[in-house]
file target-v3.cif (mmCIF, C-alpha atoms)
data_model
loop_
_atom_site.label_atom_id
_atom_site.label_comp_id
_atom_site.auth_asym_id
_atom_site.auth_seq_id
_atom_site.Cartn_x
_atom_site.Cartn_y
_atom_site.Cartn_z
CA MET Y 1 -5.24 -23.84 -30.65
CA ARG Y 2 -4.61 -20.15 -30.08
CA GLU Y 3 -1.89 -18.19 -28.34
CA LEU Y 4 -2.89 -17.20 -24.82
CA PRO Y 5 -3.47 -13.44 -24.43
CA LEU Y 6 -0.97 -11.77 -22.11
CA SER Y 7 -1.55 -8.58 -20.13
CA VAL Y 8 0.35 -6.46 -17.61
CA LEU Y 9 -0.36 -5.39 -14.02
CA ASP Y 10 1.75 -2.51 -12.69
CA VAL Y 11 1.94 -0.68 -9.35
CA ALA Y 12 4.29 2.16 -10.40
CA PRO Y 13 7.08 0.96 -8.09
CA VAL Y 14 8.99 3.78 -6.41
CA ALA Y 15 12.75 3.33 -6.29
CA ALA Y 16 14.72 4.40 -3.22
CA SER Y 17 16.84 6.69 -5.38
CA GLY Y 18 13.87 8.10 -7.33
CA SER Y 19 10.58 9.87 -6.79
CA THR Y 20 6.90 9.17 -7.30
CA GLY Y 21 6.99 11.36 -10.40
CA GLU Y 22 9.77 9.24 -11.87
CA ALA Y 23 7.86 6.07 -10.99
CA LEU Y 24 4.76 7.32 -12.80
CA ARG Y 25 6.81 8.33 -15.84
CA HIS Y 26 8.33 4.85 -15.92
CA THR Y 27 4.88 3.27 -15.74
CA THR Y 28 3.80 5.42 -18.69
CA GLU Y 29 6.88 4.35 -20.65
CA LEU Y 30 6.20 0.71 -19.80
CA ALA Y 31 2.60 0.98 -21.02
CA ARG Y 32 3.80 2.29 -24.38
CA ARG Y 33 6.42 -0.44 -24.69
CA VAL Y 34 4.16 -3.36 -23.86
CA GLU Y 35 1.52 -1.95 -26.21
CA ALA Y 36 4.10 -2.12 -29.01
CA LEU Y 37 4.89 -5.72 -28.02
CA GLY Y 38 1.25 -6.75 -28.40
CA TYR Y 39 0.10 -7.16 -24.81
CA ARG Y 40 -3.69 -6.96 -24.48
CA ARG Y 41 -4.21 -4.90 -21.30
CA PHE Y 42 -2.30 -2.64 -18.94
CA TRP Y 43 -3.82 -2.44 -15.47
CA VAL Y 44 -2.73 -0.51 -12.39
CA ALA Y 45 -3.49 -1.50 -8.80
CA GLU Y 46 -4.88 0.65 -5.99
CA HIS Y 47 -2.74 0.63 -2.85
CA HIS Y 48 -2.44 3.24 -0.10
CA ASN Y 49 0.06 4.24 2.59
CA MET Y 50 2.84 2.32 0.83
CA PRO Y 51 5.99 4.30 -0.02
CA ALA Y 52 7.10 1.74 -2.63
CA ILE Y 53 3.92 2.13 -4.71
CA ALA Y 54 2.68 5.21 -6.61
CA SER Y 55 -0.55 3.83 -8.12
CA SER Y 56 -2.85 4.99 -5.32
CA SER Y 57 -5.24 6.80 -7.71
CA PRO Y 58 -6.05 4.40 -10.57
CA ALA Y 59 -8.67 6.58 -12.28
CA VAL Y 60 -6.29 9.56 -12.48
CA LEU Y 61 -3.38 7.44 -13.65
CA LEU Y 62 -5.51 5.60 -16.21
CA ALA Y 63 -6.61 8.87 -17.81
CA HIS Y 64 -2.95 9.66 -18.40
CA LEU Y 65 -2.08 6.14 -19.61
CA ALA Y 66 -5.00 5.97 -22.01
CA ALA Y 67 -3.98 9.31 -23.52
CA ALA Y 68 -0.36 8.14 -23.82
CA THR Y 69 -1.31 4.93 -25.69
CA SER Y 70 -3.68 4.16 -28.55
CA THR Y 71 -4.69 0.50 -28.77
CA ILE Y 72 -3.97 -1.35 -25.52
CA ARG Y 73 -6.85 -1.67 -23.05
CA VAL Y 74 -6.15 0.12 -19.77
CA GLY Y 75 -7.83 -0.62 -16.49
CA SER Y 76 -7.80 -1.02 -12.73
CA GLY Y 77 -6.46 -4.13 -11.10
CA GLY Y 78 -8.30 -3.01 -9.22
CA VAL Y 79 -10.34 -0.27 -7.71
CA MET Y 80 -10.96 -1.30 -4.10
CA LEU Y 81 -14.69 -0.66 -3.80
CA PRO Y 82 -14.82 -0.44 0.03
CA ASN Y 83 -12.74 2.75 -0.26
CA HIS Y 84 -15.18 4.57 -2.53
CA ALA Y 85 -18.83 5.42 -3.00
CA PRO Y 86 -20.14 3.42 -5.99
CA LEU Y 87 -21.44 6.60 -7.65
CA VAL Y 88 -17.96 8.15 -7.63
CA VAL Y 89 -16.46 5.05 -9.27
CA ALA Y 90 -19.23 5.01 -11.88
CA GLU Y 91 -18.62 8.65 -12.76
CA GLN Y 92 -14.82 8.26 -12.88
CA PHE Y 93 -14.85 5.19 -15.11
CA GLY Y 94 -17.79 6.46 -17.12
CA THR Y 95 -15.65 9.50 -17.88
CA LEU Y 96 -12.72 7.31 -18.91
CA GLU Y 97 -14.93 5.19 -21.16
CA ALA Y 98 -16.49 8.27 -22.74
CA LEU Y 99 -13.03 9.65 -23.51
CA HIS Y 100 -11.56 6.32 -24.69
CA PRO Y 101 -14.48 4.16 -25.84
CA GLY Y 102 -13.85 0.43 -25.97
CA ARG Y 103 -10.51 0.61 -24.15
CA ILE Y 104 -11.39 0.79 -20.44
CA ASP Y 105 -11.55 -2.10 -17.94
CA LEU Y 106 -12.93 -1.64 -14.44
CA GLY Y 107 -11.51 -4.33 -12.18
CA ILE Y 108 -13.21 -4.26 -8.78
CA GLY Y 109 -11.71 -5.63 -5.56
CA ARG Y 110 -13.24 -6.34 -2.15
CA ALA Y 111 -10.20 -5.64 0.08
CA PRO Y 112 -9.26 -2.05 0.99
CA GLY Y 113 -5.73 -2.43 -0.38
CA THR Y 114 -4.26 -0.98 2.80
CA ASP Y 115 -4.42 -1.10 6.59
CA GLN Y 116 -7.65 -0.45 8.48
CA HIS Y 117 -6.63 3.03 9.73
CA THR Y 118 -5.94 4.16 6.16
CA ALA Y 119 -9.13 2.51 4.92
CA LEU Y 120 -11.10 4.46 7.51
CA ALA Y 121 -9.38 7.69 6.43
CA LEU Y 122 -10.42 6.99 2.84
CA ARG Y 123 -14.01 6.04 3.57
CA ARG Y 124 -14.45 8.40 6.57
CA THR Y 125 -16.90 5.96 8.17
CA MET Y 126 -16.92 2.29 9.12
CA GLU Y 127 -20.08 1.82 7.08
CA GLY Y 128 -19.33 -0.05 3.88
CA LEU Y 129 -15.96 -1.41 4.99
CA SER Y 130 -17.12 -4.95 5.81
CA ALA Y 131 -17.32 -7.85 3.35
CA GLU Y 132 -21.07 -8.10 3.90
CA ASN Y 133 -21.62 -4.76 2.16
CA PHE Y 134 -19.59 -5.62 -0.93
CA PRO Y 135 -22.14 -7.54 -3.05
CA GLN Y 136 -24.74 -4.79 -2.67
CA GLU Y 137 -22.23 -2.02 -3.41
CA LEU Y 138 -21.04 -3.91 -6.50
CA GLN Y 139 -24.61 -4.22 -7.76
CA ASP Y 140 -25.20 -0.54 -6.99
CA LEU Y 141 -22.16 0.32 -9.10
CA ILE Y 142 -23.35 -1.79 -12.03
CA ALA Y 143 -26.82 -0.22 -11.73
CA TYR Y 144 -25.33 3.24 -12.22
CA PHE Y 145 -23.84 2.11 -15.52
CA GLU Y 146 -27.16 0.57 -16.55
CA GLY Y 147 -29.13 3.68 -15.55
CA ASP Y 148 -31.36 1.68 -13.19
CA THR Y 149 -31.14 4.22 -10.37
CA ARG Y 150 -32.89 7.38 -9.21
CA ILE Y 151 -29.56 9.22 -9.44
CA LEU Y 152 -28.03 9.65 -12.88
CA ALA Y 153 -24.34 8.85 -13.20
CA SER Y 154 -23.19 11.23 -15.92
CA PRO Y 155 -20.79 10.22 -17.33
CA GLY Y 156 -21.59 6.63 -16.41
CA LYS Y 157 -24.91 5.69 -17.94
CA GLY Y 158 -24.24 4.82 -21.56
CA SER Y 159 -20.46 4.82 -21.04
CA LYS Y 160 -19.93 1.47 -19.38
CA PRO Y 161 -16.41 -0.01 -19.15
CA ASP Y 162 -15.86 -3.76 -19.08
CA VAL Y 163 -16.44 -4.79 -15.47
CA TRP Y 164 -14.25 -7.48 -13.87
CA LEU Y 165 -14.32 -8.94 -10.40
CA LEU Y 166 -10.96 -9.50 -8.71
CA GLY Y 167 -10.27 -11.93 -5.91
CA SER Y 168 -7.78 -13.90 -3.84
CA SER Y 169 -10.25 -16.28 -2.18
CA GLY Y 170 -13.48 -18.14 -2.77
CA PHE Y 171 -15.83 -15.29 -1.82
CA SER Y 172 -15.26 -13.14 -4.90
CA ALA Y 173 -14.94 -16.25 -7.08
CA GLN Y 174 -18.47 -17.37 -6.23
CA LEU Y 175 -19.86 -13.85 -6.58
CA ALA Y 176 -18.23 -13.39 -10.00
CA GLY Y 177 -19.73 -16.69 -11.11
CA LEU Y 178 -23.23 -15.88 -9.86
CA LEU Y 179 -23.16 -12.47 -11.59
CA GLY Y 180 -21.64 -13.87 -14.79
CA LEU Y 181 -18.66 -11.50 -14.66
CA PRO Y 182 -15.12 -12.21 -15.87
CA PHE Y 183 -12.89 -13.14 -12.94
CA ALA Y 184 -9.25 -12.18 -12.31
CA PHE Y 185 -7.49 -14.15 -9.59
CA ALA Y 186 -4.49 -12.83 -7.61
CA HIS Y 187 -2.27 -15.90 -7.94
CA HIS Y 188 0.78 -13.66 -7.41
CA PHE Y 189 0.02 -13.37 -3.69
CA SER Y 190 -2.48 -16.16 -3.02
CA ALA Y 191 -1.17 -19.14 -4.95
CA GLN Y 192 -2.51 -21.71 -2.49
CA ASN Y 193 -6.08 -20.52 -3.17
CA THR Y 194 -5.90 -20.38 -6.96
CA LEU Y 195 -7.29 -23.76 -7.99
CA PRO Y 196 -10.05 -23.91 -5.34
CA ALA Y 197 -11.22 -20.39 -6.24
CA LEU Y 198 -11.24 -21.06 -9.98
CA GLY Y 199 -13.20 -24.23 -9.33
CA LEU Y 200 -15.81 -22.28 -7.38
CA TYR Y 201 -16.04 -19.63 -10.10
CA ARG Y 202 -16.65 -22.18 -12.83
CA GLN Y 203 -19.03 -24.20 -10.66
CA HIS Y 204 -21.22 -21.17 -9.82
CA PHE Y 205 -21.04 -19.42 -13.19
CA ARG Y 206 -24.31 -18.26 -14.72
CA PRO Y 207 -24.49 -16.83 -18.24
CA SER Y 208 -25.14 -13.09 -18.24
CA GLN Y 209 -25.29 -10.03 -20.47
CA TRP Y 210 -21.49 -9.94 -20.24
CA LEU Y 211 -20.49 -13.57 -20.75
CA THR Y 212 -22.02 -16.80 -22.01
CA GLU Y 213 -19.26 -18.89 -20.43
CA PRO Y 214 -16.63 -18.38 -17.71
CA TYR Y 215 -13.59 -16.25 -18.42
CA VAL Y 216 -10.58 -16.51 -16.11
CA MET Y 217 -7.52 -14.29 -15.97
CA VAL Y 218 -4.71 -15.36 -13.63
CA ALA Y 219 -2.35 -12.67 -12.31
CA VAL Y 220 1.16 -14.03 -11.80
CA SER Y 221 4.47 -12.45 -10.86
CA ALA Y 222 6.92 -13.04 -13.71
CA VAL Y 223 10.54 -11.92 -13.92
CA ALA Y 224 12.51 -13.01 -16.97
CA ALA Y 225 16.18 -12.27 -17.64
CA GLU Y 226 18.94 -13.75 -19.74
CA THR Y 227 19.82 -16.27 -17.00
CA ASP Y 228 18.19 -17.76 -13.91
CA GLU Y 229 20.83 -16.10 -11.78
CA GLU Y 230 20.15 -12.63 -13.18
CA ALA Y 231 16.41 -13.05 -12.64
CA GLU Y 232 17.05 -14.06 -9.01
CA PHE Y 233 19.19 -10.95 -8.55
CA LEU Y 234 16.53 -8.68 -10.07
CA SER Y 235 13.86 -10.16 -7.78
CA GLY Y 236 15.78 -9.28 -4.62
CA PRO Y 237 14.29 -5.79 -4.12
CA SER Y 238 10.74 -7.15 -4.41
CA ASP Y 239 11.48 -9.86 -1.82
CA LEU Y 240 12.90 -7.29 0.58
CA SER Y 241 9.99 -4.89 -0.01
CA PHE Y 242 7.54 -7.69 0.83
CA LEU Y 243 9.40 -8.47 4.05
CA ARG Y 244 9.52 -4.82 5.12
CA LEU Y 245 5.85 -4.28 4.33
CA ARG Y 246 4.70 -7.29 6.33
CA SER Y 247 7.02 -6.27 9.18
CA GLY Y 248 5.30 -2.87 9.43
CA ARG Y 249 8.22 -0.84 8.07
CA PRO Y 250 7.52 -0.24 4.36
CA GLU Y 251 10.15 1.62 2.36
CA PRO Y 252 10.77 2.51 -1.30
CA LEU Y 253 12.24 -0.23 -3.47
CA ALA Y 254 15.89 -0.98 -2.67
CA THR Y 255 18.46 -1.51 -5.41
CA PRO Y 256 19.31 -5.12 -6.31
CA GLU Y 257 22.74 -4.61 -4.76
CA GLU Y 258 21.24 -3.34 -1.48
CA ALA Y 259 18.78 -6.22 -1.41
CA ALA Y 260 21.54 -8.77 -2.01
CA ALA Y 261 23.53 -7.31 0.89
CA TYR Y 262 20.61 -7.24 3.33
CA PRO Y 263 21.41 -9.36 6.45
CA TYR Y 264 18.38 -11.69 6.43
CA SER Y 265 17.84 -13.86 9.47
CA ALA Y 266 16.90 -17.46 8.68
CA ARG Y 267 13.27 -16.71 9.56
CA GLU Y 268 13.19 -13.55 7.45
CA ARG Y 269 14.71 -15.38 4.51
CA GLU Y 270 12.09 -18.11 4.72
CA PHE Y 271 9.30 -15.53 4.93
CA ALA Y 272 10.60 -13.48 1.99
CA LEU Y 273 11.04 -16.54 -0.20
CA SER Y 274 7.56 -17.84 0.65
CA ARG Y 275 6.04 -15.22 -1.65
CA ARG Y 276 7.75 -16.86 -4.63
CA GLU Y 277 5.34 -19.79 -4.55
CA GLY Y 278 3.69 -19.97 -7.94
CA GLN Y 279 5.81 -17.22 -9.49
CA ALA Y 280 7.57 -17.43 -12.83
CA LEU Y 281 11.20 -16.50 -12.33
CA GLY Y 282 14.30 -17.18 -14.42
CA SER Y 283 15.58 -17.39 -17.97
CA PRO Y 284 13.06 -17.54 -20.84
CA ALA Y 285 13.31 -21.34 -20.85
CA THR Y 286 12.61 -21.52 -17.11
CA VAL Y 287 9.74 -19.03 -17.27
CA ARG Y 288 8.30 -20.89 -20.27
CA ARG Y 289 8.20 -24.11 -18.29
CA GLN Y 290 6.69 -22.44 -15.22
CA LEU Y 291 3.95 -20.61 -17.11
CA THR Y 292 3.16 -23.67 -19.24
CA ASP Y 293 2.66 -25.67 -16.05
CA LEU Y 294 0.48 -22.94 -14.56
CA LEU Y 295 -1.65 -22.81 -17.69
CA ALA Y 296 -2.12 -26.58 -17.62
CA ALA Y 297 -3.20 -26.43 -13.98
CA THR Y 298 -5.53 -23.43 -14.20
CA GLN Y 299 -6.82 -23.60 -17.78
CA ALA Y 300 -6.74 -19.80 -17.67
CA ASP Y 301 -8.09 -17.80 -20.60
CA GLU Y 302 -5.49 -15.06 -20.07
CA PHE Y 303 -2.42 -14.35 -17.95
CA MET Y 304 -1.75 -10.96 -16.38
CA LEU Y 305 1.94 -10.55 -15.56
CA THR Y 306 3.32 -8.31 -12.85
CA CYS Y 307 7.02 -7.50 -12.55
CA MET Y 308 8.20 -5.40 -9.61
CA VAL Y 309 11.80 -4.86 -10.71
CA TYR Y 310 13.92 -1.85 -9.67
CA ASP Y 311 15.20 -0.73 -13.07
CA ILE Y 312 12.74 0.24 -15.81
CA GLU Y 313 14.96 -1.19 -18.54
CA ALA Y 314 15.16 -4.56 -16.79
CA ARG Y 315 11.40 -4.46 -16.24
CA ALA Y 316 10.69 -3.74 -19.88
CA ARG Y 317 13.23 -6.37 -20.96
CA SER Y 318 11.43 -8.98 -18.88
CA PHE Y 319 8.16 -8.32 -20.71
CA GLU Y 320 10.00 -8.36 -24.05
CA LEU Y 321 11.60 -11.74 -23.35
CA ILE Y 322 8.30 -13.23 -22.27
CA ARG Y 323 6.43 -11.89 -25.27
CA ASN Y 324 9.02 -13.04 -27.79
CA GLU Y 325 10.36 -16.26 -26.28
CA VAL Y 326 7.64 -17.54 -23.94
CA ALA Y 327 4.26 -16.47 -25.35
CA PRO Y 328 4.39 -18.64 -28.50
CA ALA Y 329 4.49 -21.75 -26.29
CA LEU Y 330 1.41 -20.70 -24.29
CA THR Y 331 -1.53 -22.02 -26.29
CA LYS Y 332 -4.99 -23.20 -25.42
#
call {"tool": "encode", "arguments": {"input": "target-v3.cif", "output": "structure tokens"}}
result
Amino acid sequence: MRELPLSVLDVAPVAASGSTGEALRHTTELARRVEALGYRRFWVAEHHNMPAIASSSPAVLLAHLAAATSTIRVGSGGVMLPNHAPLVVAEQFGTLEALHPGRIDLGIGRAPGTDQHTALALRRTMEGLSAENFPQELQDLIAYFEGDTRILASPGKGSKPDVWLLGSSGFSAQLAGLLGLPFAFAHHFSAQNTLPALGLYRQHFRPSQWLTEPYVMVAVSAVAAETDEEAEFLSGPSDLSFLRLRSGRPEPLATPEEAAAYPYSAREREFALSRREGQALGSPATVRRQLTDLLAATQADEFMLTCMVYDIEARARSFELIRNEVAPALTK
């Protein structure tokens, strides 16, 4: 039996009373603090046209985070490949790997991470935006790292990060299995698809140059506080942000007090609370039980925790409580 590795996924949440600069400084501080706690990875997610999120440029942010830390692996959770030419991604992450050898993860996603108008603005053409193009573009990206192309990715060839495939459905699960890549599943927003997708990944897995057997990381939203009630209170801004985003009116993260005072209709309340399915939320004892159950169900090889909490101290405290009071019970 060994203790399950724990990692962190962050989106640099922007508080209503703060700025994007402050959000990025808080993400840097969080990376240093979770490194000291012994977390394995610190990933940032690519999102666009969202005022509550400042992690729109993972490669740029990762260069800063890698320089601000020394041992923790840093990576993208993920880079949304439809938004970028594969050569650009290969050069960006080849540069990161050359600067910080052995510490860079390249998590690749199939969705654009935004609305279609913004995706078109990023790509500048409809070509490459459909799911049908994704497998070929992924293989093109890998080929740049291998040097199996007419065009040299420099940096890129000879500076290959660890490549992961991300997913929230069966499509990426099967592709990750067929290519023999490690697979990270977005349980934090697609809990109903978790077990079917992991089953497909393991069923279709083929040994490769990267892995001899499947490796699964499950991303889960986890908010720990001293009591269940405090954790519920801290989760309020994230619930409200989710509602506003899906309603087409995204805003920076509200304070917990503002979120608690928001006049939810019954339908809005039901919608906001629906995102809590599969989350870990509560005191250390409650979170321990929830994550233990999730581990038993998924047989994950690693958990990646995300915590979209308004205050940086509360966010860091959540990761501290989980590392010290929950992690020892998570064994496989």
call {"tool": "resolve_selection", "arguments": {"input": "target-v3.cif", "expression": "the PyMOL selection byres ((chain Y and resi 291-298) around 9)", "output": "list in words"}}
result
Thr194, Leu195, Leu198, Val216, Val218, Val220, Ala222, Gly278, Gln279, Ala280, Thr286, Val287, Arg288, Arg289, Gln290, Gln299, Ala300, Asp301, Glu302, Phe303, Val326, Ala329, Leu330, Thr331 and Lys332 of chain Y
call {"tool": "write_last_selection", "arguments": {"input": "target-v3.cif", "atoms": "C-alpha atoms", "output": "short mmCIF file (atom, residue, chain, number, x, y, z; two decimals), keeping the file's coordinate frame"}}
result
data_model
loop_
_atom_site.label_atom_id
_atom_site.label_comp_id
_atom_site.auth_asym_id
_atom_site.auth_seq_id
_atom_site.Cartn_x
_atom_site.Cartn_y
_atom_site.Cartn_z
CA THR Y 194 -5.90 -20.38 -6.96
CA LEU Y 195 -7.29 -23.76 -7.99
CA LEU Y 198 -11.24 -21.06 -9.98
CA VAL Y 216 -10.58 -16.51 -16.11
CA VAL Y 218 -4.71 -15.36 -13.63
CA VAL Y 220 1.16 -14.03 -11.80
CA ALA Y 222 6.92 -13.04 -13.71
CA GLY Y 278 3.69 -19.97 -7.94
CA GLN Y 279 5.81 -17.22 -9.49
CA ALA Y 280 7.57 -17.43 -12.83
CA THR Y 286 12.61 -21.52 -17.11
CA VAL Y 287 9.74 -19.03 -17.27
CA ARG Y 288 8.30 -20.89 -20.27
CA ARG Y 289 8.20 -24.11 -18.29
CA GLN Y 290 6.69 -22.44 -15.22
CA GLN Y 299 -6.82 -23.60 -17.78
CA ALA Y 300 -6.74 -19.80 -17.67
CA ASP Y 301 -8.09 -17.80 -20.60
CA GLU Y 302 -5.49 -15.06 -20.07
CA PHE Y 303 -2.42 -14.35 -17.95
CA VAL Y 326 7.64 -17.54 -23.94
CA ALA Y 329 4.49 -21.75 -26.29
CA LEU Y 330 1.41 -20.70 -24.29
CA THR Y 331 -1.53 -22.02 -26.29
CA LYS Y 332 -4.99 -23.20 -25.42
#
call {"tool": "axis_aligned_box", "arguments": {"input": "target-v3.cif", "around": "region 36-51 of chain Y", "padding_each_side": "5 Å", "output": "lines of an AutoDock Vina configuration file"}}
result
center_x = 0.6
center_y = -1.4
center_z = -13.2
size_x = 20.9
size_y = 21.5
size_z = 41.6
call {"tool": "atom_distance", "arguments": {"input": "target-v3.cif", "atom1": "CA of Glu257 (chain Y)", "atom2": "CA of Ala314 (chain Y)"}}
result
14.2 Å
call {"tool": "atom_distance", "arguments": {"input": "target-v3.cif", "atom1": "CA of Trp210 (chain Y)", "atom2": "CA of Leu179 (chain Y)"}}
result
9.2 Å
call {"tool": "residues_around", "arguments": {"input": "target-v3.cif", "residues": "region 180-189 of chain Y", "least_positions_apart": "2", "cutoff": "6 Å", "atoms": "all atoms listed in the file", "output": "PDB file with C-alpha atoms, in the frame of the given file"}}
result
ATOM      1  CA  TRP Y 164     -14.250  -7.480 -13.870  1.00  0.00           C
ATOM      2  CA  LEU Y 165     -14.320  -8.940 -10.400  1.00  0.00           C
ATOM      3  CA  LEU Y 166     -10.960  -9.500  -8.710  1.00  0.00           C
ATOM      4  CA  GLY Y 167     -10.270 -11.930  -5.910  1.00  0.00           C
ATOM      5  CA  SER Y 168      -7.780 -13.900  -3.840  1.00  0.00           C
ATOM      6  CA  ALA Y 176     -18.230 -13.390 -10.000  1.00  0.00           C
ATOM      7  CA  GLY Y 177     -19.730 -16.690 -11.110  1.00  0.00           C
ATOM      8  CA  LEU Y 178     -23.230 -15.880  -9.860  1.00  0.00           C
ATOM      9  CA  ALA Y 191      -1.170 -19.140  -4.950  1.00  0.00           C
ATOM     10  CA  THR Y 194      -5.900 -20.380  -6.960  1.00  0.00           C
ATOM     11  CA  PHE Y 205     -21.040 -19.420 -13.190  1.00  0.00           C
ATOM     12  CA  ARG Y 206     -24.310 -18.260 -14.720  1.00  0.00           C
ATOM     13  CA  PRO Y 207     -24.490 -16.830 -18.240  1.00  0.00           C
ATOM     14  CA  SER Y 208     -25.140 -13.090 -18.240  1.00  0.00           C
ATOM     15  CA  TYR Y 215     -13.590 -16.250 -18.420  1.00  0.00           C
ATOM     16  CA  VAL Y 216     -10.580 -16.510 -16.110  1.00  0.00           C
ATOM     17  CA  MET Y 217      -7.520 -14.290 -15.970  1.00  0.00           C
ATOM     18  CA  VAL Y 218      -4.710 -15.360 -13.630  1.00  0.00           C
ATOM     19  CA  ALA Y 219      -2.350 -12.670 -12.310  1.00  0.00           C
ATOM     20  CA  VAL Y 220       1.160 -14.030 -11.800  1.00  0.00           C
ATOM     21  CA  SER Y 221       4.470 -12.450 -10.860  1.00  0.00           C
TER      22      SER Y 221
END
call {"tool": "atom_distance", "arguments": {"input": "target-v3.cif", "atom1": "CA of Glu97 (chain Y)", "atom2": "CA of Val34 (chain Y)"}}
result
21.1 Å
call {"tool": "residues_around", "arguments": {"input": "target-v3.cif", "residues": "region 54-71 of chain Y", "least_positions_apart": "4", "cutoff": "9 Å", "atoms": "only C-alpha atoms", "output": "PyMOL selection string"}}
result
chain Y and resi 10-14+20-21+23-24+27-29+31-32+35+40+42-50+75-79+89+92-93+96+99-100+103-104
call {"tool": "resolve_selection", "arguments": {"input": "target-v3.cif", "expression": "the PyMOL selection byres ((chain Y and resi 135) around 10)", "output": "ChimeraX atom specification"}}
result
/Y:110,131-134,136-141,172,175-176,179
call {"tool": "resolve_selection", "arguments": {"input": "target-v3.cif", "expression": "the PyMOL selection byres ((chain Y and resi 238-245) around 8)", "output": "number ranges by chain"}}
result
Y: 52, 235-237, 246-254, 259, 268, 271-273, 275, 308-309
call {"tool": "closest_residue", "arguments": {"input": "target-v3.cif", "among": "Y:Ala90, Y:Leu122, Y:Ala225, Y:Ala285", "to": "Val163 (chain Y)", "atoms": "all atoms listed in the file"}}
result
Y:Ala90
call {"tool": "closest_residue", "arguments": {"input": "target-v3.cif", "among": "Y:Pro284, Y:Val8, Y:Ala111, Y:Arg25", "to": "Ile312 (chain Y)", "atoms": "only C-alpha atoms"}}
result
Y:Arg25
call {"tool": "residues_near_point", "arguments": {"input": "target-v3.cif", "point": "(18.3, -15.3, -18.9)", "cutoff": "10 Å", "atoms": "only C-alpha atoms", "output": "compact mmCIF listing (two decimals) with C-alpha atoms, keeping the file's coordinate frame"}}
result
# COMPACT_ATOMS: atom_id res chain seq x y z
CA VAL Y 223 10.54 -11.92 -13.92
CA ALA Y 224 12.51 -13.01 -16.97
CA ALA Y 225 16.18 -12.27 -17.64
CA GLU Y 226 18.94 -13.75 -19.74
CA THR Y 227 19.82 -16.27 -17.00
CA ASP Y 228 18.19 -17.76 -13.91
CA GLU Y 229 20.83 -16.10 -11.78
CA GLU Y 230 20.15 -12.63 -13.18
CA ALA Y 231 16.41 -13.05 -12.64
CA LEU Y 281 11.20 -16.50 -12.33
CA GLY Y 282 14.30 -17.18 -14.42
CA SER Y 283 15.58 -17.39 -17.97
CA PRO Y 284 13.06 -17.54 -20.84
CA ALA Y 285 13.31 -21.34 -20.85
CA THR Y 286 12.61 -21.52 -17.11
CA VAL Y 287 9.74 -19.03 -17.27
CA SER Y 318 11.43 -8.98 -18.88
CA LEU Y 321 11.60 -11.74 -23.35
call {"tool": "closest_residue", "arguments": {"input": "target-v3.cif", "among": "Y:Met1, Y:Leu305, Y:Ile108, Y:Ala153", "to": "Val88 (chain Y)", "atoms": "only C-alpha atoms"}}
result
Y:Ala153
